[in-house]
Amino acid sequence: MKNLKTSVLALSLLTLSFGCSDNKFLNVQPTGALSDDQLNTPANIEKQVIAAYSQLGNDVYFVPYTSMWPYGNVRSGDAYKGGNNTSDIDAFHFYETFSFNRVDIPNTDQLWFQLYIGVSRSNDALRRLNAVDMPNKAVRQGELRFLRGHFYFLLKELFGRVPYIDETIPTEQYPEVSNVALTNDQLWAKIADDFRFAVANLPETQPEIGRANKSAAQAYLAKTLLYQAYVQSDNHAVTSIDQTKLQEVLSLTNQVIATGKYSLNPDFATNFLTAGDNSPESVFAIQFSRNDGTPKGRTDRGNQLNYPMNPDYGCCGFHQPSQNLVNAFKTDPQGLPLFTTFNNSDLIKPSDFQTNTVDPRLDHTVGIPTHPYKYDPTFIFDDNSWLRDKNTYGVFMSMKENVLPSDPSFQKTPPFMSSSKNWTIIRFADVLLWKAEALIELNRATEALPIINQIRQRAQNSTARLKTSSGQPISNYKIGLYSAGQWNQQYAREALRFERRLEFALEGYRFFDLVRWGIAGDYLNAYFEKEKVKRLHLKDAHFTIGRDEYLPIPLNQINFSKGLYKQNPGW
């Protein structure tokens, strides 16, 4: 974490098994080992809190959970897996096509395991913290429950029903905790309780950047309640929307806004540049670092695969934007989205980006052949040398998670690329659009109109970095604001959902939005029907409604539990 002390608690267990005539020797604490009681000191507990924070960014390229790109983007139709071919990390291909997904994929099991490490670190630190008196005790408890809430939120949106274990459950009772002991609603409530505790105990401002504060907890609680508000049946169908939960979402987002600490960055680009780390739009972010005394730094390993294949990078061409996503950035003569007709033709040739008008967020999000990459007018995307398998995955590359090779945060971790640029988990734009969504579903759509227009106005003003070397706009930008005349609940809902797609494209949220709205199956099968003609790797893709809303419970975990864990429906 950039400004958070990076000392890590080293734990070791030394077992001695040899004969000795001096029985006193057996009662001496072995050198180099820490007993359980020795860990229960304020200094060591502080280190355990840091260890819990560190798990936020401890993912690896084959099990990423920072940006959640294989699960939130590839499964949503906003991106293709990319890479060398469909067998290159084939688990991501199985996620993308759904029909090939299985219960025994090792990556799914490792994802479960890594997220539970985050839960375990939080629980262990909480157990020790609860038993001692120390400065800032309540604040540290709030931080740990915030972190635990985060890891459980990811587990919940990925797997649906998971075992809930907190610091009060003895280790020997873990094998007795079922993943279906709590209902869907009860599990959301447990996660919400962690964030409620964090809200009550965290300060408005932390002395060290990177620690969760009260506003971050309020925002994450709002997100949790928004997801919980869309009530799901046992087969994952949305059956109703809880108006009481929406009212609380509205209250919480208003409280975050009222602090005055957060605002939209004037230029959309700032959110995806190292220079924009911890900007006023960043409500909570994973803090990465390099040149910090560790061998390879605490860099972003979850996005290592996602750089183009040109010589400045060298690897690995994953996470390629879909043609459907690129087309979604088209605008009509008023600069508004083409909700139903955007995919009738493709933006692909250089001239297409001049003859059609597009939302400026396209060139902030997607690397496009002949266009400058990542705001450098001399660094031109070349589809002949930058792409790994364009015959399978097309000619576009993702940009938000990447940095230029000249960026001070850039670091090669052969054979991969990495950087110490933050990954933001909650942007202020998210808080605004959660508020707008709650207003729309509360039948107060008129109040959501200026919020959505505020987001679009920022996009309209974010073209200064989108220039060629001669100073001309890269694409033909036109983005307009919605008018009150056409604004009703149904239209506002469609506008809000489309706005979330454009604003957060390739940031890891899209699939989970589709699931909580209850439209994932119909949406994705319609996407596959058209996209499989353009991308043959999707020819057998199919979303099974009532099954594919969640990943399967890993078979290894069911076996480890001796059958206590129950498989998700349909698997």
# chains A, B, ... in the order shown; residues from 1 in each chain; ligands from 1
$ residues_around --residues "region 531-537 of chain A" --least-positions-apart "2" --cutoff "9 Å" --atoms "only C-alpha atoms" --output "list in words"
Gly77, Thr86, His93, Thr97, Ser322, Gln323, Asn324, Asn391, Thr392, Tyr393, Gly394, Ala526, Tyr527, Phe528, Glu529, Lys539, Asp540 and Ala541 of chain A
$ residues_around --residues "Pro473 (chain A)" --least-positions-apart "4" --cutoff "10 Å" --atoms "only C-alpha atoms" --output "NGL selection string"
:A and (354 or 360 or 463-469 or 477)
$ write_last_selection --atoms "C-alpha atoms" --output "short mmCIF file (atom, residue, chain, number, x, y, z; two decimals), in the first residue's frame"
data_model
loop_
_atom_site.label_atom_id
_atom_site.label_comp_id
_atom_site.auth_asym_id
_atom_site.auth_seq_id
_atom_site.Cartn_x
_atom_site.Cartn_y
_atom_site.Cartn_z
CA GLN A 354 -14.89 9.26 -38.50
CA PRO A 360 -15.37 9.93 -26.13
CA THR A 463 -11.37 14.99 -25.00
CA ALA A 464 -8.22 17.01 -24.28
CA ARG A 465 -6.01 13.91 -24.26
CA LEU A 466 -7.76 12.33 -27.24
CA LYS A 467 -5.71 14.02 -29.97
CA THR A 468 -3.51 12.89 -32.84
CA SER A 469 0.04 14.22 -33.20
CA TYR A 477 -16.88 12.66 -30.86
#
$ residues_around --residues "Thr355 (chain A)" --least-positions-apart "6" --cutoff "12 Å" --atoms "only C-alpha atoms" --output "MDAnalysis selection string"
chainID A and resid 330:333 346:349 475:478
$ write_last_selection --atoms "all heavy atoms" --output "compact mmCIF listing (two decimals), in the first residue's frame"
# COMPACT_ATOMS: atom_id res chain seq x y z
N LYS A 330 -21.31 4.07 -30.12
CA LYS A 330 -21.90 4.93 -31.16
C LYS A 330 -22.94 5.85 -30.55
O LYS A 330 -23.61 5.50 -29.56
CB LYS A 330 -22.59 4.09 -32.23
CG LYS A 330 -21.71 3.25 -33.10
CD LYS A 330 -22.61 2.50 -34.09
CE LYS A 330 -21.90 1.39 -34.79
NZ LYS A 330 -22.84 0.56 -35.57
N THR A 331 -23.11 7.01 -31.16
CA THR A 331 -24.16 7.93 -30.72
C THR A 331 -25.01 8.37 -31.91
O THR A 331 -24.59 8.29 -33.06
CB THR A 331 -23.57 9.17 -30.02
OG1 THR A 331 -22.67 9.84 -30.92
CG2 THR A 331 -22.82 8.79 -28.76
N ASP A 332 -26.22 8.83 -31.59
CA ASP A 332 -27.14 9.30 -32.64
C ASP A 332 -26.89 10.78 -32.93
O ASP A 332 -25.97 11.39 -32.35
CB ASP A 332 -28.59 9.03 -32.22
CG ASP A 332 -29.07 9.89 -31.06
OD1 ASP A 332 -28.38 10.86 -30.69
OD2 ASP A 332 -30.16 9.60 -30.52
N PRO A 333 -27.65 11.41 -33.83
CA PRO A 333 -27.40 12.82 -34.17
C PRO A 333 -27.47 13.77 -32.98
O PRO A 333 -26.91 14.87 -33.02
CB PRO A 333 -28.50 13.13 -35.19
CG PRO A 333 -28.76 11.81 -35.86
CD PRO A 333 -28.64 10.80 -34.76
N ASP A 346 -20.76 -2.54 -37.73
CA ASP A 346 -19.54 -2.60 -36.92
C ASP A 346 -18.64 -1.39 -37.13
O ASP A 346 -18.45 -0.93 -38.27
CB ASP A 346 -18.74 -3.86 -37.25
CG ASP A 346 -19.43 -5.13 -36.80
OD1 ASP A 346 -20.30 -5.05 -35.93
OD2 ASP A 346 -19.09 -6.21 -37.34
N LEU A 347 -18.08 -0.92 -36.02
CA LEU A 347 -16.98 0.04 -36.07
C LEU A 347 -15.70 -0.77 -36.09
O LEU A 347 -15.34 -1.41 -35.10
CB LEU A 347 -16.98 0.93 -34.82
CG LEU A 347 -18.15 1.88 -34.60
CD1 LEU A 347 -18.02 2.57 -33.24
CD2 LEU A 347 -18.20 2.93 -35.69
N ILE A 348 -15.00 -0.76 -37.22
CA ILE A 348 -13.79 -1.58 -37.30
C ILE A 348 -12.70 -0.93 -38.14
O ILE A 348 -11.53 -0.90 -37.75
CB ILE A 348 -14.13 -3.01 -37.79
CG1 ILE A 348 -12.92 -3.92 -37.65
CG2 ILE A 348 -14.71 -3.01 -39.18
CD1 ILE A 348 -13.25 -5.40 -37.73
N LYS A 349 -13.05 -0.39 -39.32
CA LYS A 349 -12.06 0.27 -40.16
C LYS A 349 -11.75 1.66 -39.60
O LYS A 349 -12.62 2.28 -38.95
CB LYS A 349 -12.57 0.40 -41.60
CG LYS A 349 -12.92 -0.93 -42.27
CD LYS A 349 -13.23 -0.73 -43.74
CE LYS A 349 -14.38 0.24 -43.99
NZ LYS A 349 -15.66 -0.27 -43.53
N SER A 475 -11.19 10.43 -32.88
CA SER A 475 -12.44 9.94 -33.48
C SER A 475 -13.42 11.10 -33.58
O SER A 475 -13.13 12.23 -33.14
CB SER A 475 -13.05 8.82 -32.62
OG SER A 475 -12.17 7.72 -32.50
N ASN A 476 -14.58 10.83 -34.15
CA ASN A 476 -15.61 11.86 -34.35
C ASN A 476 -16.53 11.87 -33.12
O ASN A 476 -17.51 11.14 -33.06
CB ASN A 476 -16.40 11.54 -35.62
CG ASN A 476 -17.44 12.61 -35.95
OD1 ASN A 476 -17.43 13.69 -35.37
ND2 ASN A 476 -18.31 12.29 -36.88
N TYR A 477 -16.19 12.70 -32.14
CA TYR A 477 -16.88 12.66 -30.86
C TYR A 477 -18.14 13.51 -30.87
O TYR A 477 -18.16 14.65 -31.33
CB TYR A 477 -15.95 13.17 -29.74
CG TYR A 477 -14.66 12.39 -29.64
CD1 TYR A 477 -13.44 13.03 -29.79
CD2 TYR A 477 -14.67 11.01 -29.44
CE1 TYR A 477 -12.24 12.32 -29.71
CE2 TYR A 477 -13.49 10.29 -29.38
CZ TYR A 477 -12.28 10.95 -29.51
OH TYR A 477 -11.11 10.26 -29.45
N LYS A 478 -19.21 12.91 -30.35
CA LYS A 478 -20.45 13.63 -30.14
C LYS A 478 -21.21 12.95 -29.01
O LYS A 478 -21.59 11.79 -29.13
CB LYS A 478 -21.31 13.68 -31.40
CG LYS A 478 -22.55 14.57 -31.26
CD LYS A 478 -23.32 14.63 -32.56
CE LYS A 478 -24.53 15.57 -32.46
NZ LYS A 478 -24.13 16.96 -32.21
$ atom_distance --atom1 "CA of Ala229 (chain A)" --atom2 "CA of Pro337 (chain A)"
27.3 Å
$ closest_atom_pairs --of "region 266-366 of chain A" --to "region 424-428 of chain A" --cutoff "6 Å" --atoms "only C-alpha atoms" --output "JSON lines"
{"residue": "A:Glu281", "atom": "CA", "partner": "A:Phe428", "partner_atom": "CA", "distance": 4.9}
{"residue": "A:Ser282", "atom": "CA", "partner": "A:Arg427", "partner_atom": "CA", "distance": 4.9}
{"residue": "A:Val283", "atom": "CA", "partner": "A:Ile426", "partner_atom": "CA", "distance": 5.4}
{"residue": "A:Phe284", "atom": "CA", "partner": "A:Ile426", "partner_atom": "CA", "distance": 5.3}
{"residue": "A:Ala285", "atom": "CA", "partner": "A:Thr424", "partner_atom": "CA", "distance": 3.9}
$ write_last_selection --atoms "all heavy atoms" --output "PDB file, in the first residue's frame"
ATOM      1  N   GLU A 281     -11.982  11.309  -7.048  1.00  0.00           N
ATOM      2  CA  GLU A 281     -12.996  10.353  -7.501  1.00  0.00           C
ATOM      3  C   GLU A 281     -12.797   8.969  -6.884  1.00  0.00           C
ATOM      4  O   GLU A 281     -13.685   8.126  -6.943  1.00  0.00           O
ATOM      5  CB  GLU A 281     -12.997  10.253  -9.024  1.00  0.00           C
ATOM      6  CG  GLU A 281     -14.195   9.482  -9.557  1.00  0.00           C
ATOM      7  CD  GLU A 281     -14.456   9.686 -11.030  1.00  0.00           C
ATOM      8  OE1 GLU A 281     -13.952  10.679 -11.608  1.00  0.00           O
ATOM      9  OE2 GLU A 281     -15.178   8.864 -11.619  1.00  0.00           O
ATOM     10  N   SER A 282     -11.651   8.737  -6.272  1.00  0.00           N
ATOM     11  CA  SER A 282     -11.336   7.426  -5.698  1.00  0.00           C
ATOM     12  C   SER A 282     -11.880   7.339  -4.282  1.00  0.00           C
ATOM     13  O   SER A 282     -11.366   7.978  -3.365  1.00  0.00           O
ATOM     14  CB  SER A 282      -9.819   7.210  -5.698  1.00  0.00           C
ATOM     15  OG  SER A 282      -9.491   5.985  -5.096  1.00  0.00           O
ATOM     16  N   VAL A 283     -12.925   6.534  -4.095  1.00  0.00           N
ATOM     17  CA  VAL A 283     -13.518   6.340  -2.775  1.00  0.00           C
ATOM     18  C   VAL A 283     -12.766   5.243  -2.018  1.00  0.00           C
ATOM     19  O   VAL A 283     -12.510   5.367  -0.822  1.00  0.00           O
ATOM     20  CB  VAL A 283     -15.012   6.006  -2.885  1.00  0.00           C
ATOM     21  CG1 VAL A 283     -15.635   5.772  -1.507  1.00  0.00           C
ATOM     22  CG2 VAL A 283     -15.745   7.133  -3.617  1.00  0.00           C
ATOM     23  N   PHE A 284     -12.409   4.165  -2.716  1.00  0.00           N
ATOM     24  CA  PHE A 284     -11.553   3.146  -2.123  1.00  0.00           C
ATOM     25  C   PHE A 284     -10.798   2.444  -3.234  1.00  0.00           C
ATOM     26  O   PHE A 284     -11.377   2.079  -4.259  1.00  0.00           O
ATOM     27  CB  PHE A 284     -12.338   2.119  -1.307  1.00  0.00           C
ATOM     28  CG  PHE A 284     -11.436   1.162  -0.567  1.00  0.00           C
ATOM     29  CD1 PHE A 284     -10.733   1.578   0.553  1.00  0.00           C
ATOM     30  CD2 PHE A 284     -11.256  -0.142  -1.010  1.00  0.00           C
ATOM     31  CE1 PHE A 284      -9.884   0.713   1.230  1.00  0.00           C
ATOM     32  CE2 PHE A 284     -10.412  -1.014  -0.336  1.00  0.00           C
ATOM     33  CZ  PHE A 284      -9.720  -0.577   0.786  1.00  0.00           C
ATOM     34  N   ALA A 285      -9.498   2.271  -3.038  1.00  0.00           N
ATOM     35  CA  ALA A 285      -8.655   1.685  -4.075  1.00  0.00           C
ATOM     36  C   ALA A 285      -7.625   0.752  -3.473  1.00  0.00           C
ATOM     37  O   ALA A 285      -7.176   0.931  -2.332  1.00  0.00           O
ATOM     38  CB  ALA A 285      -7.955   2.791  -4.868  1.00  0.00           C
TER      39      ALA A 285
END
$ residues_around --residues "Leu250 (chain A)" --least-positions-apart "4" --cutoff "8 Å" --atoms "only C-alpha atoms" --output "list in words"
Ala222, Leu246, Asn254, Trp434, Lys435, Ala438 and Leu439 of chain A
$ write_last_selection --atoms "N, CA and C atoms" --output "short mmCIF file (atom, residue, chain, number, x, y, z; two decimals), in the first residue's frame"
data_model
loop_
_atom_site.label_atom_id
_atom_site.label_comp_id
_atom_site.auth_asym_id
_atom_site.auth_seq_id
_atom_site.Cartn_x
_atom_site.Cartn_y
_atom_site.Cartn_z
N ALA A 222 -23.87 0.75 0.67
CA ALA A 222 -24.88 1.09 -0.35
C ALA A 222 -24.86 0.09 -1.49
N LEU A 246 -33.74 0.14 -1.13
CA LEU A 246 -33.42 1.24 -2.04
C LEU A 246 -33.41 2.57 -1.31
N ASN A 254 -26.31 9.65 -0.42
CA ASN A 254 -26.41 11.08 -0.09
C ASN A 254 -25.41 11.49 0.99
N TRP A 434 -25.31 4.64 -8.43
CA TRP A 434 -26.14 3.85 -7.49
C TRP A 434 -27.30 4.70 -7.00
N LYS A 435 -27.03 5.96 -6.72
CA LYS A 435 -28.11 6.85 -6.29
C LYS A 435 -29.15 6.99 -7.40
N ALA A 438 -31.27 3.82 -7.64
CA ALA A 438 -32.25 3.73 -6.56
C ALA A 438 -33.42 4.66 -6.81
N LEU A 439 -33.14 5.88 -7.26
CA LEU A 439 -34.21 6.84 -7.54
C LEU A 439 -35.14 6.33 -8.64
#
$ atom_distance --atom1 "CA of Leu432 (chain A)" --atom2 "CA of Ile241 (chain A)"
19.5 Å
$ select_by_dssp --residues "region 123-372 of chain A" --states "strand (DSSP E or B)" --output "ChimeraX atom specification"
/A:230-232,238-241,282-286,289,298,318-321,330-331,337,358,366-367,372
$ atom_distance --atom1 "CA of Ile452 (chain A)" --atom2 "CA of Glu507 (chain A)"
18.6 Å
$ residues_around --residues "region 484-499 of chain A" --least-positions-apart "5" --cutoff "9 Å" --atoms "only C-alpha atoms" --output "PyMOL selection string"
chain A and resi 328+337+339+433+436-437+440-441+443-446+448-449+452+455-456+504+513
$ write_last_selection --atoms "all heavy atoms" --output "compact mmCIF listing (two decimals), in the first residue's frame"
# COMPACT_ATOMS: atom_id res chain seq x y z
N ALA A 328 -21.19 -0.26 -29.05
CA ALA A 328 -22.09 0.38 -28.07
C ALA A 328 -21.75 1.84 -27.83
O ALA A 328 -22.58 2.60 -27.32
CB ALA A 328 -22.05 -0.39 -26.75
N PRO A 337 -27.00 7.52 -26.84
CA PRO A 337 -26.75 6.12 -27.21
C PRO A 337 -27.83 5.58 -28.14
O PRO A 337 -28.99 6.01 -28.11
CB PRO A 337 -26.77 5.38 -25.87
CG PRO A 337 -26.52 6.42 -24.84
CD PRO A 337 -27.13 7.68 -25.37
N PHE A 339 -29.72 2.69 -28.23
CA PHE A 339 -30.05 1.57 -27.35
C PHE A 339 -30.28 0.26 -28.10
O PHE A 339 -29.81 -0.79 -27.67
CB PHE A 339 -31.31 1.88 -26.54
CG PHE A 339 -31.16 2.98 -25.53
CD1 PHE A 339 -32.26 3.76 -25.17
CD2 PHE A 339 -29.94 3.25 -24.94
CE1 PHE A 339 -32.13 4.77 -24.23
CE2 PHE A 339 -29.80 4.26 -24.00
CZ PHE A 339 -30.91 5.03 -23.65
N LEU A 433 -24.18 6.86 -9.67
CA LEU A 433 -25.09 6.03 -10.46
C LEU A 433 -25.86 5.04 -9.60
O LEU A 433 -26.96 4.64 -9.96
CB LEU A 433 -24.32 5.31 -11.58
CG LEU A 433 -23.84 6.24 -12.70
CD1 LEU A 433 -23.09 5.47 -13.77
CD2 LEU A 433 -25.01 7.00 -13.34
N ALA A 436 -28.70 7.20 -8.62
CA ALA A 436 -29.62 7.34 -9.74
C ALA A 436 -30.46 6.09 -9.92
O ALA A 436 -31.68 6.16 -10.17
CB ALA A 436 -28.84 7.65 -11.02
N GLU A 437 -29.83 4.92 -9.80
CA GLU A 437 -30.57 3.66 -9.96
C GLU A 437 -31.63 3.51 -8.89
O GLU A 437 -32.77 3.10 -9.17
CB GLU A 437 -29.59 2.49 -9.92
CG GLU A 437 -30.25 1.15 -10.16
CD GLU A 437 -29.25 0.02 -10.30
OE1 GLU A 437 -28.05 0.28 -10.52
OE2 GLU A 437 -29.68 -1.16 -10.16
N ILE A 440 -34.56 5.76 -9.69
CA ILE A 440 -35.37 5.26 -10.80
C ILE A 440 -36.28 4.13 -10.33
O ILE A 440 -37.48 4.10 -10.63
CB ILE A 440 -34.47 4.81 -11.96
CG1 ILE A 440 -33.81 6.03 -12.62
CG2 ILE A 440 -35.26 4.01 -13.00
CD1 ILE A 440 -32.67 5.69 -13.55
N GLU A 441 -35.72 3.18 -9.56
CA GLU A 441 -36.53 2.05 -9.10
C GLU A 441 -37.51 2.44 -8.00
O GLU A 441 -38.46 1.71 -7.73
CB GLU A 441 -35.61 0.91 -8.64
CG GLU A 441 -34.72 0.35 -9.74
CD GLU A 441 -35.48 -0.12 -10.98
OE1 GLU A 441 -36.66 -0.50 -10.85
OE2 GLU A 441 -34.90 -0.08 -12.08
N ASN A 443 -39.31 4.99 -8.48
CA ASN A 443 -40.23 5.77 -9.32
C ASN A 443 -40.04 7.27 -9.12
O ASN A 443 -41.00 8.04 -9.16
CB ASN A 443 -41.69 5.36 -9.06
CG ASN A 443 -42.58 5.68 -10.24
OD1 ASN A 443 -42.10 5.83 -11.38
ND2 ASN A 443 -43.88 5.80 -10.01
N ARG A 444 -38.78 7.67 -8.96
CA ARG A 444 -38.42 9.08 -8.85
C ARG A 444 -37.41 9.41 -9.94
O ARG A 444 -36.37 10.02 -9.72
CB ARG A 444 -37.85 9.38 -7.46
CG ARG A 444 -38.86 9.18 -6.34
CD ARG A 444 -38.22 9.10 -4.96
NE ARG A 444 -37.45 10.27 -4.61
CZ ARG A 444 -36.78 10.42 -3.46
NH1 ARG A 444 -36.81 9.43 -2.55
NH2 ARG A 444 -36.08 11.50 -3.21
N ALA A 445 -37.74 8.96 -11.17
CA ALA A 445 -36.79 9.04 -12.28
C ALA A 445 -36.36 10.47 -12.58
O ALA A 445 -35.22 10.71 -13.01
CB ALA A 445 -37.39 8.39 -13.52
N THR A 446 -37.26 11.43 -12.38
CA THR A 446 -36.93 12.83 -12.68
C THR A 446 -35.71 13.29 -11.90
O THR A 446 -34.87 14.04 -12.41
CB THR A 446 -38.12 13.74 -12.36
OG1 THR A 446 -39.26 13.30 -13.11
CG2 THR A 446 -37.81 15.18 -12.72
N ALA A 448 -33.24 11.44 -11.04
CA ALA A 448 -32.05 10.76 -11.54
C ALA A 448 -31.49 11.42 -12.79
O ALA A 448 -30.30 11.24 -13.11
CB ALA A 448 -32.37 9.29 -11.83
N LEU A 449 -32.32 12.18 -13.50
CA LEU A 449 -31.90 12.78 -14.77
C LEU A 449 -30.65 13.64 -14.63
O LEU A 449 -29.67 13.44 -15.38
CB LEU A 449 -33.06 13.57 -15.38
CG LEU A 449 -32.75 14.39 -16.64
CD1 LEU A 449 -32.26 13.48 -17.76
CD2 LEU A 449 -33.99 15.17 -17.08
N ILE A 452 -27.37 11.43 -14.09
CA ILE A 452 -26.86 10.76 -15.29
C ILE A 452 -26.27 11.78 -16.25
O ILE A 452 -25.21 11.55 -16.85
CB ILE A 452 -27.97 9.92 -15.94
CG1 ILE A 452 -28.38 8.79 -15.00
CG2 ILE A 452 -27.52 9.37 -17.29
CD1 ILE A 452 -29.57 7.97 -15.46
N ILE A 455 -22.72 12.69 -15.28
CA ILE A 455 -21.73 11.72 -15.75
C ILE A 455 -21.44 11.95 -17.23
O ILE A 455 -20.28 11.93 -17.66
CB ILE A 455 -22.25 10.28 -15.53
CG1 ILE A 455 -22.51 10.01 -14.05
CG2 ILE A 455 -21.29 9.27 -16.13
CD1 ILE A 455 -21.29 9.89 -13.20
N ARG A 456 -22.48 12.19 -18.02
CA ARG A 456 -22.30 12.39 -19.45
C ARG A 456 -21.60 13.72 -19.75
O ARG A 456 -20.81 13.82 -20.69
CB ARG A 456 -23.65 12.31 -20.17
CG ARG A 456 -24.28 10.93 -20.10
CD ARG A 456 -25.58 10.85 -20.88
NE ARG A 456 -25.40 11.05 -22.31
CZ ARG A 456 -24.92 10.14 -23.14
NH1 ARG A 456 -24.54 8.95 -22.69
NH2 ARG A 456 -24.79 10.41 -24.43
N PHE A 504 -18.32 2.27 -16.99
CA PHE A 504 -17.48 1.30 -16.29
C PHE A 504 -17.04 0.16 -17.20
O PHE A 504 -16.64 -0.90 -16.71
CB PHE A 504 -18.23 0.74 -15.08
CG PHE A 504 -18.56 1.80 -14.06
CD1 PHE A 504 -19.86 2.25 -13.92
CD2 PHE A 504 -17.57 2.36 -13.28
CE1 PHE A 504 -20.18 3.24 -13.00
CE2 PHE A 504 -17.87 3.35 -12.36
CZ PHE A 504 -19.17 3.80 -12.22
N ASP A 513 -23.88 -6.74 -12.86
CA ASP A 513 -25.04 -5.88 -13.07
C ASP A 513 -26.15 -6.64 -13.78
O ASP A 513 -27.33 -6.58 -13.38
CB ASP A 513 -24.65 -4.66 -13.93
CG ASP A 513 -23.94 -3.58 -13.15
OD1 ASP A 513 -23.97 -3.60 -11.90
OD2 ASP A 513 -23.34 -2.68 -13.80
$ residues_around --residues "Ile479 (chain A)" --least-positions-apart "2" --cutoff "6 Å" --atoms "only C-alpha atoms" --output "PyMOL selection string"
chain A and resi 335+359+460
$ write_last_selection --atoms "all heavy atoms" --output "PDB file, in the first residue's frame"
ATOM      1  N   GLY A 335     -26.256  12.875 -30.090  1.00  0.00           N
ATOM      2  CA  GLY A 335     -25.178  12.453 -29.209  1.00  0.00           C
ATOM      3  C   GLY A 335     -25.611  11.485 -28.131  1.00  0.00           C
ATOM      4  O   GLY A 335     -24.890  11.272 -27.150  1.00  0.00           O
ATOM      5  N   ASP A 359     -19.115   8.206 -28.463  1.00  0.00           N
ATOM      6  CA  ASP A 359     -18.885   8.702 -27.119  1.00  0.00           C
ATOM      7  C   ASP A 359     -17.372   8.753 -26.877  1.00  0.00           C
ATOM      8  O   ASP A 359     -16.666   7.785 -27.155  1.00  0.00           O
ATOM      9  CB  ASP A 359     -19.550   7.730 -26.135  1.00  0.00           C
ATOM     10  CG  ASP A 359     -19.541   8.178 -24.689  1.00  0.00           C
ATOM     11  OD1 ASP A 359     -18.473   8.604 -24.210  1.00  0.00           O
ATOM     12  OD2 ASP A 359     -20.593   8.070 -24.025  1.00  0.00           O
ATOM     13  N   GLN A 460     -18.306  14.340 -21.948  1.00  0.00           N
ATOM     14  CA  GLN A 460     -18.291  15.347 -23.020  1.00  0.00           C
ATOM     15  C   GLN A 460     -17.058  16.240 -22.933  1.00  0.00           C
ATOM     16  O   GLN A 460     -16.490  16.653 -23.952  1.00  0.00           O
ATOM     17  CB  GLN A 460     -19.569  16.182 -22.917  1.00  0.00           C
ATOM     18  CG  GLN A 460     -19.860  17.103 -24.086  1.00  0.00           C
ATOM     19  CD  GLN A 460     -21.168  17.849 -23.854  1.00  0.00           C
ATOM     20  OE1 GLN A 460     -21.211  18.821 -23.114  1.00  0.00           O
ATOM     21  NE2 GLN A 460     -22.234  17.357 -24.474  1.00  0.00           N
TER      22      GLN A 460
END
$ closest_residue --among "A:Ile474, A:Ala200, A:Leu154, A:Val431" --to "Ser351 (chain A)" --atoms "only C-alpha atoms"
A:Ile474
$ decode --residues "region 402-410 of chain A" --atoms "N, CA, C and O atoms" --output "PDB file, in the first residue's frame"
ATOM      1  N   ASN A 402      -3.946  -0.604 -18.019  1.00  0.00           N
ATOM      2  CA  ASN A 402      -2.565  -0.585 -18.472  1.00  0.00           C
ATOM      3  C   ASN A 402      -1.934   0.796 -18.348  1.00  0.00           C
ATOM      4  O   ASN A 402      -2.624   1.805 -18.189  1.00  0.00           O
ATOM      5  N   VAL A 403      -0.624   0.830 -18.449  1.00  0.00           N
ATOM      6  CA  VAL A 403       0.121   2.092 -18.458  1.00  0.00           C
ATOM      7  C   VAL A 403       1.093   2.066 -19.625  1.00  0.00           C
ATOM      8  O   VAL A 403       1.411   1.008 -20.185  1.00  0.00           O
ATOM      9  N   LEU A 404       1.607   3.227 -19.998  1.00  0.00           N
ATOM     10  CA  LEU A 404       2.618   3.309 -21.035  1.00  0.00           C
ATOM     11  C   LEU A 404       3.930   2.695 -20.551  1.00  0.00           C
ATOM     12  O   LEU A 404       4.227   2.714 -19.345  1.00  0.00           O
ATOM     13  N   PRO A 405       4.752   2.197 -21.460  1.00  0.00           N
ATOM     14  CA  PRO A 405       6.054   1.662 -21.033  1.00  0.00           C
ATOM     15  C   PRO A 405       6.956   2.722 -20.417  1.00  0.00           C
ATOM     16  O   PRO A 405       7.888   2.391 -19.682  1.00  0.00           O
ATOM     17  N   SER A 406       6.678   3.988 -20.690  1.00  0.00           N
ATOM     18  CA  SER A 406       7.468   5.081 -20.118  1.00  0.00           C
ATOM     19  C   SER A 406       6.936   5.558 -18.774  1.00  0.00           C
ATOM     20  O   SER A 406       7.540   6.420 -18.137  1.00  0.00           O
ATOM     21  N   ASP A 407       5.802   5.003 -18.330  1.00  0.00           N
ATOM     22  CA  ASP A 407       5.190   5.447 -17.085  1.00  0.00           C
ATOM     23  C   ASP A 407       6.061   5.044 -15.896  1.00  0.00           C
ATOM     24  O   ASP A 407       6.608   3.928 -15.867  1.00  0.00           O
ATOM     25  N   PRO A 408       6.215   5.920 -14.901  1.00  0.00           N
ATOM     26  CA  PRO A 408       7.055   5.567 -13.755  1.00  0.00           C
ATOM     27  C   PRO A 408       6.551   4.374 -12.951  1.00  0.00           C
ATOM     28  O   PRO A 408       7.322   3.788 -12.191  1.00  0.00           O
ATOM     29  N   SER A 409       5.293   4.018 -13.108  1.00  0.00           N
ATOM     30  CA  SER A 409       4.751   2.871 -12.368  1.00  0.00           C
ATOM     31  C   SER A 409       4.967   1.558 -13.102  1.00  0.00           C
ATOM     32  O   SER A 409       4.743   0.482 -12.528  1.00  0.00           O
ATOM     33  N   PHE A 410       5.398   1.610 -14.365  1.00  0.00           N
ATOM     34  CA  PHE A 410       5.511   0.403 -15.191  1.00  0.00           C
ATOM     35  C   PHE A 410       6.666  -0.462 -14.718  1.00  0.00           C
ATOM     36  O   PHE A 410       7.742   0.029 -14.379  1.00  0.00           O
TER      37      PHE A 410
END
